[in-house]
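*Asks:* This structure is in structure tokens; I'll ask about it shortly.
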Amino acid sequence: MRLSEIVSIFESAAPLAYQESYDNSGLATGEPEMEIHKAVLCIDITMAVLDEAIQCGANLIVSHHPVIFQPLKQLTGKSSTEQILIKAVRNNIAIYSAHTNLDNIYTGVNHKFCEKLGLEKFRVLIPVQQGLKKLVTFVPESHAEAVRSALFDAGAGNIGNYDSCSFNSPGQGSFRAGEGSNPFTGEIGKLHFEDEIRIETIFPSPVKSRVIRALLSAHPYEEVAYDIYNVEISNEQAGSGMIGELSATMNEIDFLRKVKNVFQCKVLRHSKLLNKPVKKIAVCGGSGAFLIPAVLSAGADVFITGEIKYHQFFEAEERIVVADIGHFESEQFTIEIFYDILKKNLPNFAVHFSSINTSPIYYL
Ligand SMILES: [Zn+2]
């Protein structure tokens, strides 16, 4: 399997356009045409993970945190990052990362977080703004179904928990094919009327090029007529954090013990308990404390994230319980998302879950 094909599978699932401005997700090392035969999946790339990849015969490492985060001006081996990069290149190992783009997509880090906690009815806490576009196209009736399916497969037509959303109205299209054209229907030089369906659907702007490619390949016409409009509503399919509900209320200490058990944390730091039953739970993998004000507005009972500083605990204002379970612990299941993406698209591809806990934090 070519590296470029694997990269495109990951970027179809988690488009790079969803990454935050400070991030550096994507391919860090490796030539797109190289053949990949096995991948190691991990959260962080350390020298130990690189050695693990070499030992198990993998030539791709897929990580959550990018190996290059700060721009590099030299590659001389003076830092551990540079040493990892040099060794990866010498051993012909490609490195690919999906970081904040995987945090922000609906089926990403926080979706997995909610699943692990057994939450129901979960939704994105702060949806991305101005992230949607509308596509309108005109398709001969015989091909309407094929074009709709291709658009939906490319990521169009998702609204909330509904997929395959479109509006379809019949009408007549007209055209006259000119010299040198090769019309799908009608004759050169003659005005032609064709029964067509006007298909309208919506898509997130990061998948625009994929949606257009799908339209052009499924549509039978030589010249495809389509319009794209900006839509001024937020994109509920992507954004920061998630909020959901427990199937039944729990008392807060039992719930926190459950969290500690699910994420296998040695330590769980939390704000003052409020002696209230809890049901509505907000989550954010990694450093999510910036979401505390949004969690308060959303009326959650508890907020679980991977990093909360001392002063940020005060922001809970004794209205909710906020809990810090550790950055690595909160993102550890992200490798299952990588696995799911690869297995769905390449069922026979060899993958290896890194057995190394790369958290740099130890507890006495
Ligand atoms: Zn992280």
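Following the order of the structure tokens, first chain is A, next is B, and so on, with residues numbered from 1 inside each chain and ligands from 1 in the order they appear.
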For the interface of chain A with ligand 1 (cut-off 9 Å, counting only C-alpha atoms and all ligand atoms), please tabulate each contacting residue of chain A alongside its nearest pair of atoms and their separation in Å to one decimal, rows sorted by chain and increasing number, as a Markdown table.
*Replies:*
```
| residue | atom | partner | partner_atom_place_in_ligand_line | distance |
| --- | --- | --- | --- | --- |
| A:Ile43 | CA | ligand 1 | 1 (Zn) | 8.0 |
| A:Asp44 | CA | ligand 1 | 1 (Zn) | 8.9 |
| A:His64 | CA | ligand 1 | 1 (Zn) | 7.1 |
| A:His65 | CA | ligand 1 | 1 (Zn) | 6.2 |
| A:His99 | CA | ligand 1 | 1 (Zn) | 7.3 |
| A:Thr100 | CA | ligand 1 | 1 (Zn) | 8.2 |
| A:Asp103 | CA | ligand 1 | 1 (Zn) | 8.7 |
| A:Gly285 | CA | ligand 1 | 1 (Zn) | 6.8 |
| A:Gly286 | CA | ligand 1 | 1 (Zn) | 4.2 |
| A:Ser287 | CA | ligand 1 | 1 (Zn) | 6.6 |
| A:Gly306 | CA | ligand 1 | 1 (Zn) | 8.0 |
| A:His327 | CA | ligand 1 | 1 (Zn) | 6.1 |
| A:Phe328 | CA | ligand 1 | 1 (Zn) | 6.9 |
| A:Ser330 | CA | ligand 1 | 1 (Zn) | 8.2 |
| A:Glu331 | CA | ligand 1 | 1 (Zn) | 6.4 |
```
*Asks:* Write the residues you've just listed into a file as a PDB file, in the first residue's frame, and include N, CA, C and O atoms for each of them.
*Replies:*
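Okay, again-v9.pdb is ready:
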```pdb
ATOM      1  N   ILE A  43       0.324   7.348  20.695  1.00  0.00           N
ATOM      2  CA  ILE A  43      -0.092   8.705  21.054  1.00  0.00           C
ATOM      3  C   ILE A  43       1.067   9.678  20.808  1.00  0.00           C
ATOM      4  O   ILE A  43       0.896  10.726  20.199  1.00  0.00           O
ATOM      5  N   ASP A  44       2.257   9.335  21.320  1.00  0.00           N
ATOM      6  CA  ASP A  44       3.449  10.177  21.159  1.00  0.00           C
ATOM      7  C   ASP A  44       4.536   9.359  20.477  1.00  0.00           C
ATOM      8  O   ASP A  44       4.619   8.150  20.684  1.00  0.00           O
ATOM      9  N   HIS A  64      -0.866  10.489  17.547  1.00  0.00           N
ATOM     10  CA  HIS A  64      -1.825  11.570  17.785  1.00  0.00           C
ATOM     11  C   HIS A  64      -1.061  12.900  17.862  1.00  0.00           C
ATOM     12  O   HIS A  64      -1.361  13.837  17.137  1.00  0.00           O
ATOM     13  N   HIS A  65      -0.049  12.975  18.717  1.00  0.00           N
ATOM     14  CA  HIS A  65       0.715  14.220  18.819  1.00  0.00           C
ATOM     15  C   HIS A  65       1.786  14.268  17.729  1.00  0.00           C
ATOM     16  O   HIS A  65       2.540  13.302  17.571  1.00  0.00           O
ATOM     17  N   HIS A  99      -3.822  15.172  14.885  1.00  0.00           N
ATOM     18  CA  HIS A  99      -3.901  15.761  16.227  1.00  0.00           C
ATOM     19  C   HIS A  99      -5.220  16.533  16.391  1.00  0.00           C
ATOM     20  O   HIS A  99      -6.268  15.934  16.582  1.00  0.00           O
ATOM     21  N   THR A 100      -5.175  17.866  16.272  1.00  0.00           N
ATOM     22  CA  THR A 100      -6.407  18.620  16.566  1.00  0.00           C
ATOM     23  C   THR A 100      -7.491  18.408  15.505  1.00  0.00           C
ATOM     24  O   THR A 100      -8.667  18.622  15.785  1.00  0.00           O
ATOM     25  N   ASP A 103      -9.231  15.725  17.049  1.00  0.00           N
ATOM     26  CA  ASP A 103      -9.997  16.233  18.202  1.00  0.00           C
ATOM     27  C   ASP A 103     -11.312  16.844  17.726  1.00  0.00           C
ATOM     28  O   ASP A 103     -12.335  16.747  18.387  1.00  0.00           O
ATOM     29  N   GLY A 285     -10.825  15.464  25.426  1.00  0.00           N
ATOM     30  CA  GLY A 285      -9.518  14.819  25.516  1.00  0.00           C
ATOM     31  C   GLY A 285      -8.418  15.868  25.449  1.00  0.00           C
ATOM     32  O   GLY A 285      -8.571  16.885  24.781  1.00  0.00           O
ATOM     33  N   GLY A 286      -7.300  15.627  26.151  1.00  0.00           N
ATOM     34  CA  GLY A 286      -6.174  16.566  26.114  1.00  0.00           C
ATOM     35  C   GLY A 286      -6.429  17.783  26.977  1.00  0.00           C
ATOM     36  O   GLY A 286      -7.120  17.706  27.998  1.00  0.00           O
ATOM     37  N   SER A 287      -5.881  18.918  26.558  1.00  0.00           N
ATOM     38  CA  SER A 287      -5.992  20.145  27.360  1.00  0.00           C
ATOM     39  C   SER A 287      -7.316  20.844  27.074  1.00  0.00           C
ATOM     40  O   SER A 287      -7.393  21.667  26.178  1.00  0.00           O
ATOM     41  N   GLY A 306      -8.225  16.338  30.235  1.00  0.00           N
ATOM     42  CA  GLY A 306      -6.895  15.778  30.474  1.00  0.00           C
ATOM     43  C   GLY A 306      -5.929  16.724  31.160  1.00  0.00           C
ATOM     44  O   GLY A 306      -4.828  16.306  31.553  1.00  0.00           O
ATOM     45  N   HIS A 327      -3.365  13.954  30.769  1.00  0.00           N
ATOM     46  CA  HIS A 327      -3.421  14.180  29.316  1.00  0.00           C
ATOM     47  C   HIS A 327      -3.342  12.847  28.551  1.00  0.00           C
ATOM     48  O   HIS A 327      -4.207  12.545  27.719  1.00  0.00           O
ATOM     49  N   PHE A 328      -2.321  12.073  28.856  1.00  0.00           N
ATOM     50  CA  PHE A 328      -2.152  10.794  28.141  1.00  0.00           C
ATOM     51  C   PHE A 328      -3.367   9.905  28.368  1.00  0.00           C
ATOM     52  O   PHE A 328      -3.919   9.312  27.427  1.00  0.00           O
ATOM     53  N   SER A 330      -6.371  10.630  29.031  1.00  0.00           N
ATOM     54  CA  SER A 330      -7.600  11.084  28.363  1.00  0.00           C
ATOM     55  C   SER A 330      -7.578  10.803  26.858  1.00  0.00           C
ATOM     56  O   SER A 330      -8.615  10.796  26.212  1.00  0.00           O
ATOM     57  N   GLU A 331      -6.385  10.586  26.304  1.00  0.00           N
ATOM     58  CA  GLU A 331      -6.288  10.385  24.850  1.00  0.00           C
ATOM     59  C   GLU A 331      -5.839   8.985  24.472  1.00  0.00           C
ATOM     60  O   GLU A 331      -5.662   8.691  23.292  1.00  0.00           O
TER      61      GLU A 331
END
```
*Asks:* In Å, rounded to a single decimal, give me how far CA of Val124 (chain A) is from CA of Asn161 (chain A).
*Replies:*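 Distance between the two atoms: 11.4 Å.
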*Asks:* Leaving out Val62 (chain A) and any residue of its chain fewer than 5 positions from it, which residues lie within 8 Å of it when counting only C-alpha atoms, given as a PyMOL selection string?
*Replies:* chain A and resi 39-42+95-98+338
*Asks:* Using only all heavy atoms, please write the residues we just selected to a file, as a PDB file, in the first residue's frame.
*Replies:*
```pdb
ATOM      1  N   ALA A  39       1.976  -0.679  10.127  1.00  0.00           N
ATOM      2  CA  ALA A  39       1.950   0.602  10.855  1.00  0.00           C
ATOM      3  C   ALA A  39       1.912   0.352  12.359  1.00  0.00           C
ATOM      4  O   ALA A  39       1.259  -0.584  12.831  1.00  0.00           O
ATOM      5  CB  ALA A  39       0.735   1.419  10.443  1.00  0.00           C
ATOM      6  N   VAL A  40       2.613   1.213  13.089  1.00  0.00           N
ATOM      7  CA  VAL A  40       2.516   1.223  14.548  1.00  0.00           C
ATOM      8  C   VAL A  40       1.635   2.409  14.926  1.00  0.00           C
ATOM      9  O   VAL A  40       1.801   3.515  14.398  1.00  0.00           O
ATOM     10  CB  VAL A  40       3.916   1.369  15.198  1.00  0.00           C
ATOM     11  CG1 VAL A  40       3.802   1.741  16.667  1.00  0.00           C
ATOM     12  CG2 VAL A  40       4.689   0.063  15.055  1.00  0.00           C
ATOM     13  N   LEU A  41       0.689   2.187  15.823  1.00  0.00           N
ATOM     14  CA  LEU A  41      -0.236   3.240  16.243  1.00  0.00           C
ATOM     15  C   LEU A  41       0.121   3.677  17.666  1.00  0.00           C
ATOM     16  O   LEU A  41       0.275   2.833  18.551  1.00  0.00           O
ATOM     17  CB  LEU A  41      -1.680   2.720  16.212  1.00  0.00           C
ATOM     18  CG  LEU A  41      -2.097   1.946  14.960  1.00  0.00           C
ATOM     19  CD1 LEU A  41      -3.541   1.478  15.077  1.00  0.00           C
ATOM     20  CD2 LEU A  41      -1.915   2.798  13.709  1.00  0.00           C
ATOM     21  N   CYS A  42       0.244   4.991  17.879  1.00  0.00           N
ATOM     22  CA  CYS A  42       0.668   5.467  19.204  1.00  0.00           C
ATOM     23  C   CYS A  42       0.122   6.873  19.468  1.00  0.00           C
ATOM     24  O   CYS A  42      -0.446   7.504  18.570  1.00  0.00           O
ATOM     25  CB  CYS A  42       2.198   5.476  19.295  1.00  0.00           C
ATOM     26  SG  CYS A  42       2.977   6.595  18.132  1.00  0.00           S
ATOM     27  N   ILE A  95       6.292   8.993   9.171  1.00  0.00           N
ATOM     28  CA  ILE A  95       5.582   9.407  10.391  1.00  0.00           C
ATOM     29  C   ILE A  95       4.404  10.277   9.987  1.00  0.00           C
ATOM     30  O   ILE A  95       4.567  11.271   9.269  1.00  0.00           O
ATOM     31  CB  ILE A  95       6.512  10.191  11.336  1.00  0.00           C
ATOM     32  CG1 ILE A  95       7.664   9.299  11.816  1.00  0.00           C
ATOM     33  CG2 ILE A  95       5.719  10.749  12.524  1.00  0.00           C
ATOM     34  CD1 ILE A  95       8.676  10.010  12.707  1.00  0.00           C
ATOM     35  N   TYR A  96       3.226   9.876  10.453  1.00  0.00           N
ATOM     36  CA  TYR A  96       2.010  10.632  10.147  1.00  0.00           C
ATOM     37  C   TYR A  96       1.272  10.911  11.459  1.00  0.00           C
ATOM     38  O   TYR A  96       1.205  10.047  12.333  1.00  0.00           O
ATOM     39  CB  TYR A  96       1.091   9.817   9.210  1.00  0.00           C
ATOM     40  CG  TYR A  96      -0.136  10.595   8.829  1.00  0.00           C
ATOM     41  CD1 TYR A  96      -0.092  11.492   7.776  1.00  0.00           C
ATOM     42  CD2 TYR A  96      -1.316  10.471   9.561  1.00  0.00           C
ATOM     43  CE1 TYR A  96      -1.203  12.259   7.446  1.00  0.00           C
ATOM     44  CE2 TYR A  96      -2.429  11.228   9.243  1.00  0.00           C
ATOM     45  CZ  TYR A  96      -2.361  12.111   8.180  1.00  0.00           C
ATOM     46  OH  TYR A  96      -3.468  12.882   7.867  1.00  0.00           O
ATOM     47  N   SER A  97       0.732  12.123  11.604  1.00  0.00           N
ATOM     48  CA  SER A  97       0.010  12.471  12.836  1.00  0.00           C
ATOM     49  C   SER A  97      -1.343  13.089  12.528  1.00  0.00           C
ATOM     50  O   SER A  97      -1.480  13.840  11.561  1.00  0.00           O
ATOM     51  CB  SER A  97       0.822  13.473  13.661  1.00  0.00           C
ATOM     52  OG  SER A  97       2.111  12.969  13.882  1.00  0.00           O
ATOM     53  N   ALA A  98      -2.322  12.754  13.356  1.00  0.00           N
ATOM     54  CA  ALA A  98      -3.648  13.394  13.272  1.00  0.00           C
ATOM     55  C   ALA A  98      -3.953  13.902  14.679  1.00  0.00           C
ATOM     56  O   ALA A  98      -4.255  13.111  15.574  1.00  0.00           O
ATOM     57  CB  ALA A  98      -4.700  12.400  12.811  1.00  0.00           C
ATOM     58  N   PHE A 338      -7.504   5.335  15.065  1.00  0.00           N
ATOM     59  CA  PHE A 338      -6.603   5.055  13.936  1.00  0.00           C
ATOM     60  C   PHE A 338      -6.866   3.650  13.393  1.00  0.00           C
ATOM     61  O   PHE A 338      -6.934   3.432  12.187  1.00  0.00           O
ATOM     62  CB  PHE A 338      -5.128   5.147  14.371  1.00  0.00           C
ATOM     63  CG  PHE A 338      -4.682   6.523  14.782  1.00  0.00           C
ATOM     64  CD1 PHE A 338      -3.756   6.694  15.809  1.00  0.00           C
ATOM     65  CD2 PHE A 338      -5.150   7.645  14.126  1.00  0.00           C
ATOM     66  CE1 PHE A 338      -3.318   7.949  16.180  1.00  0.00           C
ATOM     67  CE2 PHE A 338      -4.721   8.915  14.494  1.00  0.00           C
ATOM     68  CZ  PHE A 338      -3.800   9.067  15.522  1.00  0.00           C
TER      69      PHE A 338
END
```
*Asks:* So which residues touch Tyr106 (chain A) within 9 Å, counting only C-alpha atoms, skipping near sequence neighbours fewer than 2 positions away, as a PyMOL selection string?
*Replies:* chain A and resi 102-104+108-111+123-124+236-239+242
*Asks:* Measuring atom to atom with only C-alpha atoms, identify which of A:Ser4, A:Ser174, A:Ser355, A:Gln332 is nearest to Glu33 (chain A).
*Replies:* A:Ser4
*Asks:* Between CA of Gly118 (chain A) and CA of Ile253 (chain A), what distance in Å does the model show, to one decimal?
*Replies:*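 We find that CA of Gly118 (chain A) and CA of Ile253 (chain A) lie 16.7 Å from each other.
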*Asks:* Write out as a CSV table (one decimal) with N, CA and C atoms, in the first residue's frame each polymer residue whose atoms come within 10 Å of Pro170 (chain A), counting only C-alpha atoms; drop sequence neighbours fewer than 6 positions from it.
*Replies:*
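Listing of selection.csv after writing:
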```
chain,number,residue,atom,x,y,z
A,138,PHE,N,-27.4,19.9,-11.1
A,138,PHE,CA,-28.5,19.5,-11.9
A,138,PHE,C,-28.1,18.2,-12.7
A,139,VAL,N,-28.9,17.1,-12.5
A,139,VAL,CA,-28.4,15.8,-12.9
A,139,VAL,C,-29.6,15.2,-13.7
A,140,PRO,N,-29.3,14.5,-14.9
A,140,PRO,CA,-30.4,13.8,-15.5
A,140,PRO,C,-31.0,12.7,-14.6
A,141,GLU,N,-32.3,12.6,-14.7
A,141,GLU,CA,-33.0,11.7,-13.8
A,141,GLU,C,-32.3,10.3,-13.6
A,195,ASP,N,-34.9,16.1,-19.0
A,195,ASP,CA,-35.5,16.1,-17.6
A,195,ASP,C,-34.4,15.8,-16.6
A,196,GLU,N,-34.3,16.8,-15.7
A,196,GLU,CA,-33.2,16.7,-14.7
A,196,GLU,C,-33.7,16.9,-13.3
A,197,ILE,N,-32.9,16.5,-12.3
A,197,ILE,CA,-33.2,16.7,-10.9
A,197,ILE,C,-32.3,17.7,-10.4
A,198,ARG,N,-32.8,18.7,-9.7
A,198,ARG,CA,-32.0,19.7,-9.0
A,198,ARG,C,-31.7,19.1,-7.6
A,199,ILE,N,-30.5,18.8,-7.4
A,199,ILE,CA,-30.1,18.2,-6.1
A,199,ILE,C,-29.4,19.3,-5.2
```
*Asks:* When distances are computed from only C-alpha atoms, which of A:Glu317, A:Glu252, A:Glu222, A:Asp340 shows the smallest separation from Val302 (chain A)?
*Replies:* A:Glu252
*Asks:* Using DSSP secondary structure from the backbone, list all strand (DSSP E or B) positions within region 171-239 of chain A, as a PDB file with C-alpha atoms, in the first residue's frame.
*Replies:*
```
ATOM      1  CA  GLY A 171     -37.215  20.346 -13.829  1.00  0.00           C
ATOM      2  CA  GLN A 172     -35.877  20.734 -17.319  1.00  0.00           C
ATOM      3  CA  GLY A 173     -32.348  21.653 -18.216  1.00  0.00           C
ATOM      4  CA  SER A 174     -31.474  23.045 -21.633  1.00  0.00           C
ATOM      5  CA  PHE A 175     -28.226  23.105 -23.565  1.00  0.00           C
ATOM      6  CA  ARG A 176     -26.811  23.180 -27.081  1.00  0.00           C
ATOM      7  CA  ALA A 177     -23.588  21.223 -27.592  1.00  0.00           C
ATOM      8  CA  ILE A 188     -24.172  18.781 -31.607  1.00  0.00           C
ATOM      9  CA  LEU A 191     -30.957  22.856 -28.650  1.00  0.00           C
ATOM     10  CA  HIS A 192     -31.764  20.030 -26.251  1.00  0.00           C
ATOM     11  CA  PHE A 193     -34.112  19.815 -23.240  1.00  0.00           C
ATOM     12  CA  GLU A 194     -33.442  17.121 -20.656  1.00  0.00           C
ATOM     13  CA  ASP A 195     -35.491  16.051 -17.624  1.00  0.00           C
ATOM     14  CA  GLU A 196     -33.175  16.725 -14.719  1.00  0.00           C
ATOM     15  CA  ILE A 197     -33.226  16.693 -10.924  1.00  0.00           C
ATOM     16  CA  ARG A 198     -31.964  19.702  -9.013  1.00  0.00           C
ATOM     17  CA  ILE A 199     -30.097  18.171  -6.063  1.00  0.00           C
ATOM     18  CA  GLU A 200     -29.318  20.368  -3.061  1.00  0.00           C
ATOM     19  CA  THR A 201     -27.203  19.164  -0.197  1.00  0.00           C
ATOM     20  CA  ILE A 202     -24.879  20.502   2.460  1.00  0.00           C
ATOM     21  CA  PHE A 203     -21.250  19.703   3.269  1.00  0.00           C
ATOM     22  CA  PRO A 204     -18.481  20.910   5.638  1.00  0.00           C
ATOM     23  CA  TYR A 226     -23.130  23.239 -10.078  1.00  0.00           C
ATOM     24  CA  ASP A 227     -23.216  26.106  -7.578  1.00  0.00           C
ATOM     25  CA  ILE A 228     -21.656  26.325  -4.128  1.00  0.00           C
ATOM     26  CA  TYR A 229     -22.999  28.752  -1.517  1.00  0.00           C
ATOM     27  CA  ASN A 230     -21.715  29.720   1.910  1.00  0.00           C
ATOM     28  CA  VAL A 231     -24.189  28.764   4.620  1.00  0.00           C
ATOM     29  CA  ASN A 235     -21.300  22.872  11.634  1.00  0.00           C
ATOM     30  CA  GLU A 236     -22.620  20.540  14.349  1.00  0.00           C
ATOM     31  CA  GLN A 237     -20.448  17.754  12.949  1.00  0.00           C
ATOM     32  CA  ALA A 238     -17.177  19.242  14.175  1.00  0.00           C
ATOM     33  CA  GLY A 239     -15.814  21.367  16.971  1.00  0.00           C
TER      34      GLY A 239
END
```
*Asks:* Taking the DSSP secondary structure from the backbone, can you list the residues of region 66-237 of chain A that are helix (DSSP H, G or I), as a PyMOL selection string?
*Replies:* chain A and resi 80-90+100-104+109-117+141-153+205-218
